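*Asks:* Right, I'll just put the structure down here and ask away after.
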Amino acid sequence: MNKVWLVTGASSGFGRAISEAAVAAGDVVIGAARGPEALDDLVAAHPDQVEALRLDVTDLAAVDAAVRDVVARYGRIDVLVNNAGRTHVGAVEETADQELRDLFDLHFFGPAALVRAVLPHMRERRSGAIVQMSSMGGQMSFAGFGAYSATKFALEGLSEALADEVAEYGIKVLIVEPGAFRTSLFGTGRAGVSADSGVYAKVGETRGFVAGGHGSQPGDPAKAAAVILAALEAERTPLRLPLGDDGVSAVLAHLDQVREEVTAWEKQSRATAFDGQ
């Protein structure tokens, strides 16, 4: 039976690529976006398979209503893809409280609300999949990406617990950690930027990397979408899926660094029990 997908941020980038891949597989896609008109061409080409839905994932009441409506009309949601997002660059000291809260609303609280909304239906059918679009920045961070990575770290922590909770109901959870892919993430209209005092030179380097990286990223979103679909169909779907040569290399290097640091202090760290324990 063909699957029913609910994909947020479906108008461009990974959301669009995943939607197109699902349609090519014969599935039905409800593409959610703040500007659903960007999906008009996909809807026109596949009117029986694609529906564009206006949705701001930071509007939690609208999230609940959208899920109820989709389930009422299609009978189920087989795959939820939490993809809506944007980047943000700024030093931790210079990132305003409201900027941080807005980013968490988009990358954490919105996806959490969508998960809560779809899970009762998936549990009832004892099947389903939840795809959480994170980033290699959900495993590590560096100057300028503190706020962005904080939201992705939070999403990954939630998702790891979620995977453990829902496995007994036949529900899969896949955390996707892309490197640099040719999406609109670094576009001028999509990249959030905090005020720059010029105090932190490394943050300035990151700003330059983001500003100059739009349109030249090495990763192909269509190829990434194909790997995501393959991972969901695999007998053993991984919990985490780094994507891109840069993403895989960065995650592996970070894991090596963590192991090295833990091992260096292992003896002292283990010797912290009460005497005689």
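Identifiers for the structure tokens are assigned positionally: chains receive A, B, ... in sequence, residues are indexed from 1 per chain, and ligands are indexed from 1 in the order shown.
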To test your reading of the structure, identify every residue in range 41-226 of chain A that backbone DSSP assigns to alpha helix (DSSP H), and report it as an MDAnalysis selection string.

*Replies:* chainID A and resid 41:45 60:74 97:104 110:125 146:166 201:213 221:226

*Asks:* Which of these, A:Ser127, A:Asn2, A:Thr95, A:Ser134, has the shortest distance to Gly247 in chain A once you count only C-alpha atoms?

*Replies:* A:Ser134

*Asks:* Could you pull the residues within 10 Å of Gly198 in chain A, counting only C-alpha atoms, minus those fewer than 5 positions along the same chain, as a PyMOL selection string?

*Replies:* chain A and resi 91+203-204

*Asks:* Leu158 in chain A: which residues within 12 Å, counting only C-alpha atoms, same-chain residues fewer than 3 positions away excluded, as a short mmCIF file (atom, residue, chain, number, x, y, z; two decimals) with N, CA, C and O atoms, in the first residue's frame?

*Replies:*
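The resulting file, out-v5.cif, is shown below:
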data_model
loop_
_atom_site.label_atom_id
_atom_site.label_comp_id
_atom_site.auth_asym_id
_atom_site.auth_seq_id
_atom_site.Cartn_x
_atom_site.Cartn_y
_atom_site.Cartn_z
N HIS A 107 12.82 24.79 15.33
CA HIS A 107 13.58 23.54 15.20
C HIS A 107 13.27 22.51 16.27
O HIS A 107 13.62 21.34 16.10
N PHE A 108 12.64 22.91 17.37
CA PHE A 108 12.40 21.97 18.46
C PHE A 108 10.94 21.87 18.86
O PHE A 108 10.34 20.80 18.79
N PHE A 109 10.34 22.97 19.27
CA PHE A 109 8.98 22.90 19.78
C PHE A 109 7.96 22.56 18.69
O PHE A 109 7.01 21.81 18.93
N PRO A 111 8.57 20.70 15.79
CA PRO A 111 8.69 19.27 15.54
C PRO A 111 8.15 18.42 16.69
O PRO A 111 7.51 17.38 16.45
N ALA A 112 8.39 18.84 17.93
CA ALA A 112 7.87 18.08 19.07
C ALA A 112 6.35 18.03 19.04
O ALA A 112 5.74 16.99 19.32
N ALA A 113 5.72 19.14 18.68
CA ALA A 113 4.26 19.18 18.59
C ALA A 113 3.75 18.26 17.49
O ALA A 113 2.73 17.57 17.66
N VAL A 115 5.24 15.57 16.37
CA VAL A 115 5.43 14.20 16.85
C VAL A 115 4.28 13.81 17.78
O VAL A 115 3.70 12.72 17.65
N ARG A 116 3.96 14.68 18.71
CA ARG A 116 2.86 14.38 19.64
C ARG A 116 1.55 14.17 18.89
O ARG A 116 0.72 13.33 19.26
N GLN A 132 13.57 13.12 11.47
CA GLN A 132 13.95 14.39 12.08
C GLN A 132 15.16 14.95 11.33
O GLN A 132 16.26 14.39 11.40
N SER A 134 18.02 16.91 11.19
CA SER A 134 18.97 17.60 12.05
C SER A 134 20.09 18.16 11.18
O SER A 134 19.84 18.76 10.14
N GLY A 138 24.14 18.86 14.76
CA GLY A 138 23.42 18.25 15.88
C GLY A 138 24.31 17.30 16.66
O GLY A 138 23.91 16.78 17.70
N THR A 151 19.65 23.99 19.09
CA THR A 151 18.32 23.49 18.73
C THR A 151 18.41 22.07 18.18
O THR A 151 17.54 21.23 18.44
N LYS A 152 19.46 21.78 17.41
CA LYS A 152 19.60 20.46 16.82
C LYS A 152 20.04 19.42 17.86
O LYS A 152 19.60 18.27 17.81
N PHE A 153 20.90 19.83 18.81
CA PHE A 153 21.25 18.94 19.92
C PHE A 153 19.98 18.56 20.68
O PHE A 153 19.79 17.40 21.06
N ALA A 154 19.13 19.53 20.95
CA ALA A 154 17.89 19.27 21.68
C ALA A 154 16.99 18.32 20.90
O ALA A 154 16.42 17.38 21.47
N LEU A 155 16.87 18.55 19.60
CA LEU A 155 16.04 17.69 18.77
C LEU A 155 16.57 16.26 18.78
O LEU A 155 15.80 15.30 18.85
N ALA A 161 15.45 9.44 22.69
CA ALA A 161 14.50 8.89 23.67
C ALA A 161 13.23 8.41 22.98
O ALA A 161 12.70 7.33 23.30
N LEU A 162 12.75 9.19 22.02
CA LEU A 162 11.54 8.83 21.28
C LEU A 162 11.71 7.48 20.60
O LEU A 162 10.81 6.63 20.65
N ALA A 163 12.86 7.25 19.97
CA ALA A 163 13.10 5.99 19.27
C ALA A 163 12.99 4.81 20.23
O ALA A 163 12.44 3.75 19.88
N ASP A 164 13.52 4.98 21.44
CA ASP A 164 13.47 3.92 22.44
C ASP A 164 12.03 3.66 22.90
O ASP A 164 11.64 2.52 23.18
N GLU A 165 11.24 4.72 22.95
CA GLU A 165 9.85 4.60 23.43
C GLU A 165 8.93 3.95 22.41
O GLU A 165 8.03 3.18 22.77
N VAL A 173 12.35 5.83 13.96
CA VAL A 173 12.80 7.21 14.08
C VAL A 173 14.16 7.31 13.38
O VAL A 173 15.06 6.51 13.66
N LEU A 174 14.27 8.26 12.48
CA LEU A 174 15.51 8.47 11.72
C LEU A 174 15.96 9.91 11.88
O LEU A 174 15.23 10.84 11.51
N ILE A 175 17.14 10.11 12.46
CA ILE A 175 17.72 11.45 12.60
C ILE A 175 18.70 11.64 11.45
O ILE A 175 19.68 10.90 11.32
#

*Asks:* Let me make sure I understand: among A:Thr58, A:Val4, A:Pro242, A:Ala66, which one has the smallest atom-to-atom distance to Ala32 in chain A if we use only C-alpha atoms?

*Replies:* A:Ala66

*Asks:* Can you pull out the residues contacting Gly128 in chain A? Cut-off 12 Å, using only C-alpha atoms, and skip same-chain residues under 5 positions away; I want them as a list in words.

*Replies:*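 My reading of the contact set: Lys3, Val4, Trp5, Leu6, Arg76, Ile77, Asp78, Val79, Leu80, Val81, Val115, Val118, Leu119, Pro120, His121, Met122, Arg123, Ala163, Val166, Ala167, Glu168, Tyr169, Gly170, Ile171, Lys172, Val173, Leu174, Leu232 and Glu233 of chain A.
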
*Asks:* With a distance cut-off of 10 Å and only C-alpha atoms, select the neighbouring residues of His254 in chain A, excluding the residue or stretch itself and same-chain residues fewer than 6 positions from it, and output the selection as a VMD selection string.

*Replies:* chain A and resid 136 139 to 141 248 260

*Asks:* Using only C-alpha atoms, which of the listed residues (A:Arg270, A:Arg16, A:Leu114, A:Gly26) sits closest to Ala38 in chain A?

*Replies:*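 Going through A:Arg270, A:Arg16, A:Leu114, A:Gly26 one by one, the smallest distance to Ala38 in chain A is for A:Arg16.
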
*Asks:* In Å to one decimal, how far is CA of Ala45 in chain A from CA of Ala24 in chain A?

*Replies:*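 Those two atoms sit 11.5 Å apart.
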
*Asks:* When DSSP is applied to the backbone of this structure, which of range 37-269 of chain A are assigned strand (DSSP E)? Write them out as a PyMOL selection string.

*Replies:* chain A and resi 50-54+79-82+88-89+128-133+171-178+192-193+240-243

*Asks:* At a cut-off of 12 Å, using only C-alpha atoms, what residues contact Ser194 in chain A? Leave out same-chain residues fewer than 3 positions from it and give the result as a VMD selection string.

*Replies:* chain A and resid 87 to 100 103 144 to 148 191 197 to 198 203 to 204 207

*Asks:* Could the residues in this selection be saved with N, CA and C atoms as a short mmCIF file (atom, residue, chain, number, x, y, z; two decimals), in the first residue's frame?

*Replies:*
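Writing done, so here's out-v7.cif:
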data_model
loop_
_atom_site.label_atom_id
_atom_site.label_comp_id
_atom_site.auth_asym_id
_atom_site.auth_seq_id
_atom_site.Cartn_x
_atom_site.Cartn_y
_atom_site.Cartn_z
N THR A 87 19.05 28.45 8.97
CA THR A 87 20.29 28.54 9.73
C THR A 87 20.33 29.84 10.53
N HIS A 88 21.32 29.94 11.39
CA HIS A 88 21.50 31.16 12.18
C HIS A 88 22.96 31.26 12.56
N VAL A 89 23.52 32.46 12.40
CA VAL A 89 24.93 32.68 12.73
C VAL A 89 25.03 33.80 13.75
N GLY A 90 25.79 33.56 14.79
CA GLY A 90 26.01 34.59 15.79
C GLY A 90 26.77 34.03 16.97
N ALA A 91 27.60 34.86 17.59
CA ALA A 91 28.29 34.43 18.80
C ALA A 91 27.27 34.19 19.91
N VAL A 92 27.58 33.30 20.82
CA VAL A 92 26.66 33.01 21.93
C VAL A 92 26.35 34.29 22.69
N GLU A 93 27.36 35.09 22.96
CA GLU A 93 27.16 36.33 23.72
C GLU A 93 26.27 37.31 22.97
N GLU A 94 26.32 37.28 21.66
CA GLU A 94 25.62 38.28 20.85
C GLU A 94 24.26 37.83 20.34
N THR A 95 23.89 36.58 20.63
CA THR A 95 22.59 36.07 20.20
C THR A 95 21.54 36.47 21.22
N ALA A 96 20.58 37.27 20.79
CA ALA A 96 19.55 37.78 21.69
C ALA A 96 18.61 36.66 22.13
N ASP A 97 18.01 36.86 23.29
CA ASP A 97 17.11 35.85 23.84
C ASP A 97 15.98 35.52 22.87
N GLN A 98 15.38 36.55 22.24
CA GLN A 98 14.27 36.29 21.33
C GLN A 98 14.72 35.53 20.10
N GLU A 99 15.93 35.81 19.62
CA GLU A 99 16.47 35.06 18.47
C GLU A 99 16.59 33.59 18.83
N LEU A 100 17.08 33.31 20.02
CA LEU A 100 17.25 31.93 20.46
C LEU A 100 15.90 31.24 20.62
N LEU A 103 14.31 30.41 17.26
CA LEU A 103 14.95 29.27 16.62
C LEU A 103 14.51 27.96 17.26
N GLY A 144 30.01 30.55 16.15
CA GLY A 144 28.99 31.14 15.29
C GLY A 144 27.74 30.30 15.14
N PHE A 145 27.85 29.01 15.43
CA PHE A 145 26.70 28.12 15.25
C PHE A 145 26.12 27.62 16.57
N GLY A 146 26.41 28.33 17.65
CA GLY A 146 25.94 27.89 18.96
C GLY A 146 24.43 27.76 19.05
N ALA A 147 23.70 28.78 18.61
CA ALA A 147 22.24 28.75 18.71
C ALA A 147 21.66 27.67 17.81
N TYR A 148 22.14 27.61 16.57
CA TYR A 148 21.64 26.61 15.62
C TYR A 148 21.88 25.20 16.17
N ALA A 191 19.00 32.91 6.09
CA ALA A 191 19.99 32.82 7.15
C ALA A 191 19.78 33.91 8.19
N SER A 197 29.60 42.32 16.91
CA SER A 197 30.41 43.32 17.59
C SER A 197 31.84 43.34 17.06
N GLY A 198 32.20 42.29 16.34
CA GLY A 198 33.57 42.18 15.85
C GLY A 198 34.54 41.64 16.88
N VAL A 203 33.87 33.82 14.75
CA VAL A 203 32.49 33.99 14.32
C VAL A 203 32.45 34.73 12.99
N GLY A 204 33.33 35.70 12.83
CA GLY A 204 33.43 36.41 11.56
C GLY A 204 33.78 35.47 10.42
N ARG A 207 30.64 33.63 9.51
CA ARG A 207 29.75 34.49 8.73
C ARG A 207 30.18 34.51 7.27
#
